[in-house]
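So this one's work.csv, CSV, C-alpha atoms:
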```
chain,number,residue,atom,x,y,z
A,242,MET,CA,-21.8,43.3,-3.5
A,243,ASP,CA,-19.9,41.0,-5.8
A,244,ASN,CA,-16.3,41.8,-6.7
A,245,LEU,CA,-14.2,40.6,-9.7
A,246,PHE,CA,-11.0,40.5,-7.6
A,247,THR,CA,-12.1,38.7,-4.5
A,248,SER,CA,-12.9,35.0,-3.8
A,249,ILE,CA,-9.9,34.0,-5.8
A,250,SER,CA,-8.1,30.9,-4.5
A,251,PRO,CA,-4.3,31.3,-4.1
A,252,GLU,CA,-4.1,27.9,-5.8
A,253,LEU,CA,-5.6,27.7,-9.3
A,254,PRO,CA,-5.0,24.1,-10.6
A,255,GLU,CA,-7.5,24.9,-13.3
A,256,GLU,CA,-8.8,28.0,-15.0
A,257,ILE,CA,-12.0,29.3,-13.5
A,258,ILE,CA,-14.8,30.5,-15.8
A,259,GLU,CA,-17.8,32.1,-14.2
A,260,VAL,CA,-20.8,33.3,-16.2
A,261,LEU,CA,-21.8,36.8,-14.9
A,262,LEU,CA,-24.5,37.4,-17.3
A,263,LYS,CA,-26.3,35.5,-20.0
A,264,THR,CA,-29.0,36.6,-22.5
A,265,GLU,CA,-30.1,35.3,-25.8
A,266,HIS,CA,-27.5,37.5,-27.5
A,267,CYS,CA,-24.5,37.7,-25.2
A,268,ARG,CA,-22.6,36.1,-22.4
A,269,LEU,CA,-20.3,37.9,-20.0
A,270,GLU,CA,-17.7,35.8,-18.2
A,271,ARG,CA,-15.1,36.3,-15.6
A,272,ILE,CA,-12.1,34.1,-16.2
A,273,VAL,CA,-9.3,33.6,-13.7
A,274,SER,CA,-6.1,32.0,-14.9
A,275,GLY,CA,-3.3,30.9,-12.8
A,276,GLY,CA,-0.5,30.2,-15.2
A,277,GLN,CA,-2.6,28.1,-17.6
A,278,ALA,CA,-2.3,28.3,-21.4
A,279,THR,CA,-4.1,26.7,-24.3
A,280,ALA,CA,-3.0,23.2,-24.8
A,281,PRO,CA,0.0,22.9,-27.2
A,282,GLY,CA,-1.1,22.9,-30.9
A,283,GLU,CA,-4.7,23.8,-30.0
A,284,TRP,CA,-6.5,26.9,-31.3
A,285,TYR,CA,-9.8,28.5,-30.3
A,286,ASP,CA,-12.2,28.9,-33.2
A,287,GLN,CA,-15.3,30.5,-31.8
A,288,ASP,CA,-18.8,30.9,-33.4
A,289,ALA,CA,-19.3,34.2,-31.5
A,290,HIS,CA,-17.3,37.4,-31.4
A,291,GLU,CA,-15.4,38.0,-28.2
A,292,TRP,CA,-14.5,41.3,-26.6
A,293,VAL,CA,-12.0,40.7,-23.9
A,294,VAL,CA,-10.1,42.7,-21.4
A,295,LEU,CA,-7.3,41.6,-19.1
A,296,LEU,CA,-7.7,43.3,-15.7
A,297,THR,CA,-4.9,41.8,-13.5
A,298,GLY,CA,-1.9,39.6,-14.2
A,299,GLY,CA,-0.6,39.2,-17.7
A,300,ALA,CA,-0.9,37.0,-20.8
A,301,GLY,CA,0.4,36.3,-24.2
A,302,LEU,CA,-2.4,36.1,-26.8
A,303,ARG,CA,-1.5,34.7,-30.2
A,304,PHE,CA,-3.5,34.9,-33.4
A,305,GLU,CA,-2.8,32.2,-35.9
A,306,ASP,CA,-2.5,34.9,-38.6
A,307,GLU,CA,0.1,36.9,-36.6
A,308,PRO,CA,3.7,35.7,-36.1
A,309,GLU,CA,4.1,36.7,-32.5
A,310,PRO,CA,1.8,36.7,-29.4
A,311,ARG,CA,0.5,40.0,-28.2
A,312,LEU,CA,1.5,40.9,-24.7
A,313,LEU,CA,-1.5,41.8,-22.5
A,314,ARG,CA,-1.2,43.9,-19.4
A,315,PRO,CA,-3.9,45.2,-17.0
A,316,GLY,CA,-6.4,47.3,-18.9
A,317,ASP,CA,-5.5,46.0,-22.4
A,318,TYR,CA,-8.6,45.0,-24.4
A,319,LEU,CA,-9.2,43.7,-27.9
A,320,LEU,CA,-11.9,42.2,-30.1
A,321,ILE,CA,-11.5,38.6,-31.3
A,322,PRO,CA,-13.9,38.3,-34.3
A,323,ALA,CA,-15.7,35.0,-34.7
A,324,HIS,CA,-13.5,32.3,-36.3
A,325,ARG,CA,-10.3,34.2,-36.0
A,326,ARG,CA,-8.2,31.5,-34.6
A,327,HIS,CA,-6.3,32.3,-31.5
A,328,ARG,CA,-4.7,30.8,-28.4
A,329,VAL,CA,-3.4,31.8,-25.0
A,330,GLU,CA,0.4,31.2,-25.1
A,331,TRP,CA,0.9,31.9,-21.4
A,332,THR,CA,-0.6,33.6,-18.3
A,333,ASP,CA,1.2,35.0,-15.4
A,334,PRO,CA,2.4,32.1,-13.1
A,335,GLU,CA,2.9,34.4,-10.1
A,336,ALA,CA,-0.4,36.2,-9.7
A,337,PRO,CA,-4.0,35.5,-10.9
A,338,THR,CA,-4.9,36.8,-14.3
A,339,VAL,CA,-8.5,38.1,-14.3
A,340,TRP,CA,-10.2,38.6,-17.6
A,341,LEU,CA,-13.7,39.8,-18.5
A,342,ALA,CA,-14.9,38.3,-21.8
A,343,LEU,CA,-18.1,39.4,-23.6
A,344,HIS,CA,-19.2,36.8,-26.2
A,345,TYR,CA,-21.8,38.1,-28.6
A,346,HIS,CA,-23.4,37.6,-32.0
A,347,GLY,CA,-24.3,40.1,-34.7
B,976,MET,CA,-3.6,47.7,-28.2
B,977,ASP,CA,-6.2,49.8,-26.5
B,978,ASN,CA,-6.2,50.1,-22.7
B,979,LEU,CA,-8.9,51.1,-20.3
B,980,PHE,CA,-6.6,52.9,-18.0
B,981,THR,CA,-4.5,55.0,-20.3
B,982,SER,CA,-5.3,58.1,-22.3
B,983,ILE,CA,-7.0,59.6,-19.2
B,984,SER,CA,-6.6,63.3,-18.9
B,985,PRO,CA,-5.5,64.4,-15.4
B,986,GLU,CA,-8.2,67.1,-15.6
B,987,LEU,CA,-11.8,65.8,-16.1
B,988,PRO,CA,-14.1,68.8,-16.2
B,989,GLU,CA,-16.8,66.5,-17.6
B,990,GLU,CA,-17.4,62.8,-17.4
B,991,ILE,CA,-16.1,60.9,-20.5
B,992,ILE,CA,-18.3,58.2,-22.1
B,993,GLU,CA,-16.7,56.1,-24.8
B,994,VAL,CA,-18.6,53.4,-26.7
B,995,LEU,CA,-16.3,50.4,-27.0
B,996,LEU,CA,-18.8,48.1,-28.7
B,997,LYS,CA,-22.3,48.5,-30.1
B,998,THR,CA,-24.6,45.8,-31.6
B,999,GLU,CA,-28.3,45.6,-32.1
B,1000,HIS,CA,-28.7,44.2,-28.6
B,1001,CYS,CA,-26.0,45.6,-26.4
B,1002,ARG,CA,-23.7,48.6,-25.9
B,1003,LEU,CA,-20.5,48.5,-23.9
B,1004,GLU,CA,-19.1,51.7,-22.6
B,1005,ARG,CA,-16.0,52.9,-20.7
B,1006,ILE,CA,-17.0,55.8,-18.4
B,1007,VAL,CA,-14.4,57.9,-16.7
B,1008,SER,CA,-15.5,60.1,-13.9
B,1009,GLY,CA,-13.5,62.8,-12.1
B,1010,GLY,CA,-15.5,63.6,-9.1
B,1011,GLN,CA,-18.8,64.1,-11.0
B,1012,ALA,CA,-22.1,63.1,-9.6
B,1013,THR,CA,-25.7,62.9,-11.0
B,1014,ALA,CA,-27.2,66.4,-10.8
B,1015,PRO,CA,-29.1,67.0,-7.5
B,1016,GLY,CA,-32.6,65.5,-7.4
B,1017,GLU,CA,-32.1,63.7,-10.7
B,1018,TRP,CA,-32.4,59.9,-11.2
B,1019,TYR,CA,-31.5,57.7,-14.1
B,1020,ASP,CA,-34.5,55.7,-15.4
B,1021,GLN,CA,-33.1,53.5,-18.2
B,1022,ASP,CA,-35.0,51.4,-20.8
B,1023,ALA,CA,-32.2,48.9,-20.9
B,1024,HIS,CA,-30.6,46.7,-18.2
B,1025,GLU,CA,-27.1,47.8,-17.2
B,1026,TRP,CA,-24.4,45.6,-15.8
B,1027,VAL,CA,-21.7,47.8,-14.4
B,1028,VAL,CA,-18.3,47.3,-12.8
B,1029,LEU,CA,-16.1,50.0,-11.1
B,1030,LEU,CA,-12.5,49.3,-12.0
B,1031,THR,CA,-10.6,52.2,-10.4
B,1032,GLY,CA,-11.4,55.0,-8.0
B,1033,GLY,CA,-14.6,54.9,-6.0
B,1034,ALA,CA,-18.3,55.9,-6.1
B,1035,GLY,CA,-21.5,56.0,-4.1
B,1036,LEU,CA,-24.4,54.5,-6.1
B,1037,ARG,CA,-27.9,55.1,-4.7
B,1038,PHE,CA,-31.0,53.3,-5.7
B,1039,GLU,CA,-34.2,55.2,-5.1
B,1040,ASP,CA,-35.7,52.2,-3.3
B,1041,GLU,CA,-32.8,52.0,-0.9
B,1042,PRO,CA,-32.1,54.4,2.0
B,1043,GLU,CA,-28.3,54.7,1.6
B,1044,PRO,CA,-25.9,54.7,-1.3
B,1045,ARG,CA,-23.8,51.6,-2.0
B,1046,LEU,CA,-20.1,52.2,-1.7
B,1047,LEU,CA,-18.3,50.9,-4.8
B,1048,ARG,CA,-14.6,50.0,-4.8
B,1049,PRO,CA,-12.4,48.6,-7.6
B,1050,GLY,CA,-13.8,45.3,-8.8
B,1051,ASP,CA,-17.3,45.8,-7.4
B,1052,TYR,CA,-20.0,45.0,-9.9
B,1053,LEU,CA,-23.8,45.0,-10.0
B,1054,LEU,CA,-26.8,44.7,-12.2
B,1055,ILE,CA,-29.1,47.7,-12.6
B,1056,PRO,CA,-32.4,46.4,-14.0
B,1057,ALA,CA,-34.2,48.6,-16.5
B,1058,HIS,CA,-36.3,51.3,-14.8
B,1059,ARG,CA,-34.8,50.8,-11.4
B,1060,ARG,CA,-34.2,54.4,-10.6
B,1061,HIS,CA,-30.7,55.2,-9.4
B,1062,ARG,CA,-28.1,58.0,-9.2
B,1063,VAL,CA,-24.4,58.4,-8.6
B,1064,GLU,CA,-24.1,60.4,-5.4
B,1065,TRP,CA,-20.4,60.9,-5.7
B,1066,THR,CA,-17.2,59.7,-7.4
B,1067,ASP,CA,-13.7,59.9,-6.1
B,1068,PRO,CA,-12.4,63.5,-6.5
B,1069,GLU,CA,-8.8,62.6,-6.2
B,1070,ALA,CA,-8.3,59.9,-8.9
B,1071,PRO,CA,-10.2,58.9,-12.0
B,1072,THR,CA,-13.0,56.5,-11.6
B,1073,VAL,CA,-13.1,54.1,-14.5
B,1074,TRP,CA,-16.3,52.1,-15.1
B,1075,LEU,CA,-17.3,49.5,-17.6
B,1076,ALA,CA,-21.0,49.5,-18.4
B,1077,LEU,CA,-22.8,46.9,-20.5
B,1078,HIS,CA,-26.3,48.1,-21.5
B,1079,TYR,CA,-28.5,45.3,-22.9
B,1080,HIS,CA,-32.1,44.3,-23.6
B,1081,GLY,CA,-33.9,41.0,-23.0
```

Written as structure tokens, how would this file's structure read?
Amino acid sequence: MDNLFTSISPELPEEIIEVLLKTEHCRLERIVSGGQATAPGEWYDQDAHEWVVLLTGGAGLRFEDEPEPRLLRPGDYLLIPAHRRHRVEWTDPEAPTVWLALHYHG
Amino acid sequence: MDNLFTSISPELPEEIIEVLLKTEHCRLERIVSGGQATAPGEWYDQDAHEWVVLLTGGAGLRFEDEPEPRLLRPGDYLLIPAHRRHRVEWTDPEAPTVWLALHYHG
């Protein structure tokens, strides 16, 4: 049986994105971050909606239309509507941050 | 911010199913079980596919076409294709079992 929390390298020089499920209408990903952040000055501007939950670790998620990043701890989830610009300010440098992200249209 | 692991009653006389997201093509649910199981002799036979992950607690998931239940521990995930008959033999009676289930077509 596959597990979201195993097979994680202790060294994560790059963020790992694994597609768990893909249909015509949605894509489910496991993302593992090891201290990475969105490049300075860059923002995500996505065509699809994204429902995302942080399962381990921690992160700061900033929306362009909000003054401060939101602090995400295990279990925290939120919806990022298509084209709401956002960036990951930081992820936990000490332990892997595991996310599940569901991208969908409509 | 909403969290998958908070707002869980210490007493769970019934399983709680909360729809987190619903579109024309998929439905994402948080399910919290407190020792419940599928009624004796009953099987789920679903029209949609279901991707499911167990996040806390534990469960025994039995497919009708397999002799033994699969033991699910936190992080374990699997795909239940539409109409593959299955049942939950048990869930952890000591601690809440939190699942995320994505039901989808196509």

Fit chain B to chain A, using all C-alpha atoms paired in sequence order for the least-squares superposition, and then show me the result as a tab-separated table (two decimals) with C-alpha atoms, keeping the file's coordinate frame.
```tsv
chain	number	residue	atom	x	y	z
B	976	MET	CA	-21.77	43.31	-3.55
B	977	ASP	CA	-19.88	41.00	-5.82
B	978	ASN	CA	-16.28	41.79	-6.77
B	979	LEU	CA	-14.16	40.62	-9.62
B	980	PHE	CA	-11.02	40.47	-7.63
B	981	THR	CA	-12.06	38.69	-4.48
B	982	SER	CA	-12.93	35.08	-3.81
B	983	ILE	CA	-9.83	34.01	-5.79
B	984	SER	CA	-8.17	30.93	-4.47
B	985	PRO	CA	-4.38	31.32	-4.10
B	986	GLU	CA	-4.05	27.90	-5.78
B	987	LEU	CA	-5.56	27.64	-9.32
B	988	PRO	CA	-4.97	24.13	-10.57
B	989	GLU	CA	-7.52	24.83	-13.32
B	990	GLU	CA	-8.74	27.98	-14.96
B	991	ILE	CA	-12.05	29.27	-13.46
B	992	ILE	CA	-14.84	30.45	-15.80
B	993	GLU	CA	-17.81	32.13	-14.19
B	994	VAL	CA	-20.82	33.34	-16.18
B	995	LEU	CA	-21.79	36.75	-14.82
B	996	LEU	CA	-24.57	37.44	-17.30
B	997	LYS	CA	-26.29	35.45	-20.03
B	998	THR	CA	-29.01	36.63	-22.50
B	999	GLU	CA	-30.14	35.36	-25.83
B	1000	HIS	CA	-27.48	37.45	-27.54
B	1001	CYS	CA	-24.52	37.77	-25.26
B	1002	ARG	CA	-22.62	36.04	-22.43
B	1003	LEU	CA	-20.29	37.83	-20.06
B	1004	GLU	CA	-17.73	35.83	-18.23
B	1005	ARG	CA	-15.05	36.39	-15.55
B	1006	ILE	CA	-12.07	34.09	-16.28
B	1007	VAL	CA	-9.34	33.61	-13.76
B	1008	SER	CA	-6.16	32.04	-14.92
B	1009	GLY	CA	-3.22	30.84	-12.81
B	1010	GLY	CA	-0.50	30.26	-15.24
B	1011	GLN	CA	-2.61	28.11	-17.62
B	1012	ALA	CA	-2.22	28.23	-21.32
B	1013	THR	CA	-4.17	26.74	-24.31
B	1014	ALA	CA	-2.99	23.15	-24.77
B	1015	PRO	CA	-0.05	22.86	-27.25
B	1016	GLY	CA	-1.06	22.99	-30.92
B	1017	GLU	CA	-4.66	23.85	-30.07
B	1018	TRP	CA	-6.51	27.00	-31.27
B	1019	TYR	CA	-9.81	28.47	-30.27
B	1020	ASP	CA	-12.21	28.83	-33.24
B	1021	GLN	CA	-15.34	30.50	-31.81
B	1022	ASP	CA	-18.78	30.98	-33.44
B	1023	ALA	CA	-19.30	34.17	-31.53
B	1024	HIS	CA	-17.33	37.45	-31.41
B	1025	GLU	CA	-15.45	37.99	-28.15
B	1026	TRP	CA	-14.49	41.30	-26.66
B	1027	VAL	CA	-11.99	40.68	-23.94
B	1028	VAL	CA	-10.13	42.78	-21.38
B	1029	LEU	CA	-7.25	41.62	-19.06
B	1030	LEU	CA	-7.74	43.27	-15.69
B	1031	THR	CA	-4.93	41.80	-13.57
B	1032	GLY	CA	-1.86	39.69	-14.17
B	1033	GLY	CA	-0.58	39.21	-17.69
B	1034	ALA	CA	-0.92	36.98	-20.79
B	1035	GLY	CA	0.43	36.32	-24.25
B	1036	LEU	CA	-2.41	36.07	-26.80
B	1037	ARG	CA	-1.49	34.69	-30.23
B	1038	PHE	CA	-3.55	34.92	-33.32
B	1039	GLU	CA	-2.85	32.26	-35.90
B	1040	ASP	CA	-2.50	34.91	-38.61
B	1041	GLU	CA	0.11	36.79	-36.64
B	1042	PRO	CA	3.75	35.70	-36.11
B	1043	GLU	CA	4.11	36.67	-32.42
B	1044	PRO	CA	1.83	36.71	-29.43
B	1045	ARG	CA	0.43	40.02	-28.17
B	1046	LEU	CA	1.53	40.88	-24.68
B	1047	LEU	CA	-1.49	41.81	-22.54
B	1048	ARG	CA	-1.20	43.92	-19.39
B	1049	PRO	CA	-3.92	45.16	-16.99
B	1050	GLY	CA	-6.42	47.28	-18.88
B	1051	ASP	CA	-5.53	45.98	-22.34
B	1052	TYR	CA	-8.55	45.04	-24.37
B	1053	LEU	CA	-9.27	43.67	-27.85
B	1054	LEU	CA	-11.89	42.26	-30.10
B	1055	ILE	CA	-11.57	38.66	-31.27
B	1056	PRO	CA	-13.86	38.26	-34.29
B	1057	ALA	CA	-15.68	34.96	-34.65
B	1058	HIS	CA	-13.51	32.28	-36.29
B	1059	ARG	CA	-10.31	34.21	-35.97
B	1060	ARG	CA	-8.20	31.44	-34.63
B	1061	HIS	CA	-6.24	32.30	-31.51
B	1062	ARG	CA	-4.64	30.77	-28.38
B	1063	VAL	CA	-3.34	31.89	-25.03
B	1064	GLU	CA	0.37	31.11	-25.06
B	1065	TRP	CA	0.87	31.89	-21.43
B	1066	THR	CA	-0.59	33.61	-18.36
B	1067	ASP	CA	1.25	35.04	-15.43
B	1068	PRO	CA	2.37	32.17	-13.12
B	1069	GLU	CA	2.91	34.33	-10.14
B	1070	ALA	CA	-0.45	36.16	-9.70
B	1071	PRO	CA	-3.97	35.52	-10.89
B	1072	THR	CA	-4.91	36.78	-14.25
B	1073	VAL	CA	-8.44	38.08	-14.23
B	1074	TRP	CA	-10.22	38.56	-17.57
B	1075	LEU	CA	-13.61	39.83	-18.54
B	1076	ALA	CA	-14.95	38.29	-21.73
B	1077	LEU	CA	-18.10	39.39	-23.55
B	1078	HIS	CA	-19.17	36.80	-26.16
B	1079	TYR	CA	-21.81	38.13	-28.59
B	1080	HIS	CA	-23.40	37.55	-32.00
B	1081	GLY	CA	-24.31	40.03	-34.74
```

**OP:** At a cut-off of 8 Å, list the chain A residues touching chain B, using all atoms listed in the file, as an MDAnalysis selection string.
**Re:** chainID A and resid 242:246 264:266 315:319 347

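Nearest to B:Pro1044 of all the residues B:Ala1057, B:Val1063, B:Val1027, B:Ala1076 is B:Val1063, based on all atoms listed in the file.
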
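The space between atom CA of A:Arg326 and atom CA of B:Glu993 spans 27.8 Å.
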
Subject >> Long-range neighbours of A:His327 as a PyMOL selection string, 12 Å cut-off, all atoms listed in the file, 3 positions minimum in chain >> reply: chain A and resi 278-280+282-287+291+301-311+320-324+330

Each side padded by 5 Å, which centre and which edge lengths in Å (one decimal) define the axis-aligned box around the listed atoms of stretch 994-1000 of chain B? Give them as JSON.
```
{"center_x": -22.5, "center_y": 48.8, "center_z": -29.4, "size_x": 22.4, "size_y": 19.2, "size_z": 15.4}
```

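Across the structure, atom CA of A:Thr332 and atom CA of B:Ala1070 are spaced 29.0 Å apart.
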
Subject >> Distance in Å - atom CA of A:Glu255 versus atom CA of A:Ile272 >> reply: 10.7 Å

Because the input lacks atoms here, generate all heavy atoms for stretch 259-270 of chain A and report them as a compact mmCIF listing (two decimals), keeping the file's coordinate frame.
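Result file follows (part_16.txt):
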```txt
# COMPACT_ATOMS: atom_id res chain seq x y z
N GLU A 259 -16.55 31.86 -14.85
CA GLU A 259 -17.80 32.10 -14.20
C GLU A 259 -18.67 33.01 -15.07
O GLU A 259 -18.23 34.06 -15.51
CB GLU A 259 -17.48 32.89 -12.86
CG GLU A 259 -18.67 33.28 -12.04
CD GLU A 259 -18.26 34.18 -10.86
OE1 GLU A 259 -17.05 34.54 -10.76
OE2 GLU A 259 -19.13 34.52 -10.07
N VAL A 260 -19.88 32.54 -15.34
CA VAL A 260 -20.80 33.30 -16.20
C VAL A 260 -21.46 34.40 -15.32
O VAL A 260 -22.17 34.09 -14.37
CB VAL A 260 -21.84 32.44 -16.86
CG1 VAL A 260 -22.82 33.29 -17.65
CG2 VAL A 260 -21.16 31.42 -17.76
N LEU A 261 -21.21 35.65 -15.64
CA LEU A 261 -21.80 36.80 -14.90
C LEU A 261 -23.13 37.18 -15.38
O LEU A 261 -23.96 37.70 -14.62
CB LEU A 261 -20.82 37.96 -14.90
CG LEU A 261 -19.40 37.72 -14.40
CD1 LEU A 261 -18.55 38.98 -14.61
CD2 LEU A 261 -19.40 37.33 -12.93
N LEU A 262 -23.33 36.96 -16.67
CA LEU A 262 -24.50 37.40 -17.30
C LEU A 262 -24.77 36.63 -18.58
O LEU A 262 -23.82 36.37 -19.32
CB LEU A 262 -24.31 38.91 -17.70
CG LEU A 262 -25.47 39.73 -18.19
CD1 LEU A 262 -26.40 40.04 -17.04
CD2 LEU A 262 -24.94 41.05 -18.77
N LYS A 263 -26.02 36.24 -18.80
CA LYS A 263 -26.30 35.50 -20.00
C LYS A 263 -27.65 35.89 -20.55
O LYS A 263 -28.65 35.87 -19.82
CB LYS A 263 -26.28 33.98 -19.71
CG LYS A 263 -26.30 33.10 -20.94
CD LYS A 263 -26.08 31.66 -20.57
CE LYS A 263 -25.88 30.75 -21.75
NZ LYS A 263 -26.68 31.03 -22.93
N THR A 264 -27.69 36.30 -21.79
CA THR A 264 -29.00 36.60 -22.50
C THR A 264 -28.98 35.83 -23.75
O THR A 264 -28.04 35.08 -24.07
CB THR A 264 -29.08 38.12 -22.78
OG1 THR A 264 -28.24 38.44 -23.88
CG2 THR A 264 -28.70 38.99 -21.58
N GLU A 265 -30.03 36.04 -24.52
CA GLU A 265 -30.10 35.30 -25.80
C GLU A 265 -28.98 35.73 -26.73
O GLU A 265 -28.56 34.95 -27.58
CB GLU A 265 -31.48 35.72 -26.44
CG GLU A 265 -31.87 34.91 -27.65
CD GLU A 265 -33.21 35.38 -28.22
OE1 GLU A 265 -33.92 36.13 -27.50
OE2 GLU A 265 -33.52 35.02 -29.35
N HIS A 266 -28.46 36.94 -26.55
CA HIS A 266 -27.50 37.50 -27.50
C HIS A 266 -26.08 37.62 -27.02
O HIS A 266 -25.18 37.86 -27.81
CB HIS A 266 -28.00 38.83 -28.04
CG HIS A 266 -29.37 38.77 -28.63
ND1 HIS A 266 -29.61 38.19 -29.84
CD2 HIS A 266 -30.56 39.16 -28.15
CE1 HIS A 266 -30.90 38.25 -30.12
NE2 HIS A 266 -31.51 38.83 -29.09
N CYS A 267 -25.89 37.56 -25.71
CA CYS A 267 -24.50 37.70 -25.20
C CYS A 267 -24.30 36.98 -23.92
O CYS A 267 -25.24 36.58 -23.24
CB CYS A 267 -24.20 39.23 -25.04
SG CYS A 267 -25.03 40.02 -23.67
N ARG A 268 -23.03 36.75 -23.65
CA ARG A 268 -22.60 36.10 -22.40
C ARG A 268 -21.39 36.74 -21.90
O ARG A 268 -20.40 36.91 -22.62
CB ARG A 268 -22.34 34.58 -22.72
CG ARG A 268 -22.05 33.75 -21.49
CD ARG A 268 -21.87 32.28 -21.84
NE ARG A 268 -20.54 31.99 -22.34
CZ ARG A 268 -20.23 31.75 -23.61
NH1 ARG A 268 -21.16 31.75 -24.55
NH2 ARG A 268 -18.99 31.52 -23.97
N LEU A 269 -21.46 37.18 -20.64
CA LEU A 269 -20.30 37.90 -20.00
C LEU A 269 -19.71 36.91 -19.00
O LEU A 269 -20.41 36.36 -18.14
CB LEU A 269 -20.83 39.14 -19.31
CG LEU A 269 -19.79 40.01 -18.64
CD1 LEU A 269 -18.85 40.64 -19.67
CD2 LEU A 269 -20.46 41.11 -17.80
N GLU A 270 -18.40 36.74 -19.09
CA GLU A 270 -17.70 35.80 -18.20
C GLU A 270 -16.57 36.49 -17.47
O GLU A 270 -15.89 37.35 -18.03
CB GLU A 270 -17.08 34.66 -19.02
CG GLU A 270 -18.05 33.75 -19.72
CD GLU A 270 -17.35 32.76 -20.65
OE1 GLU A 270 -16.15 32.97 -20.96
OE2 GLU A 270 -17.99 31.80 -21.08
```
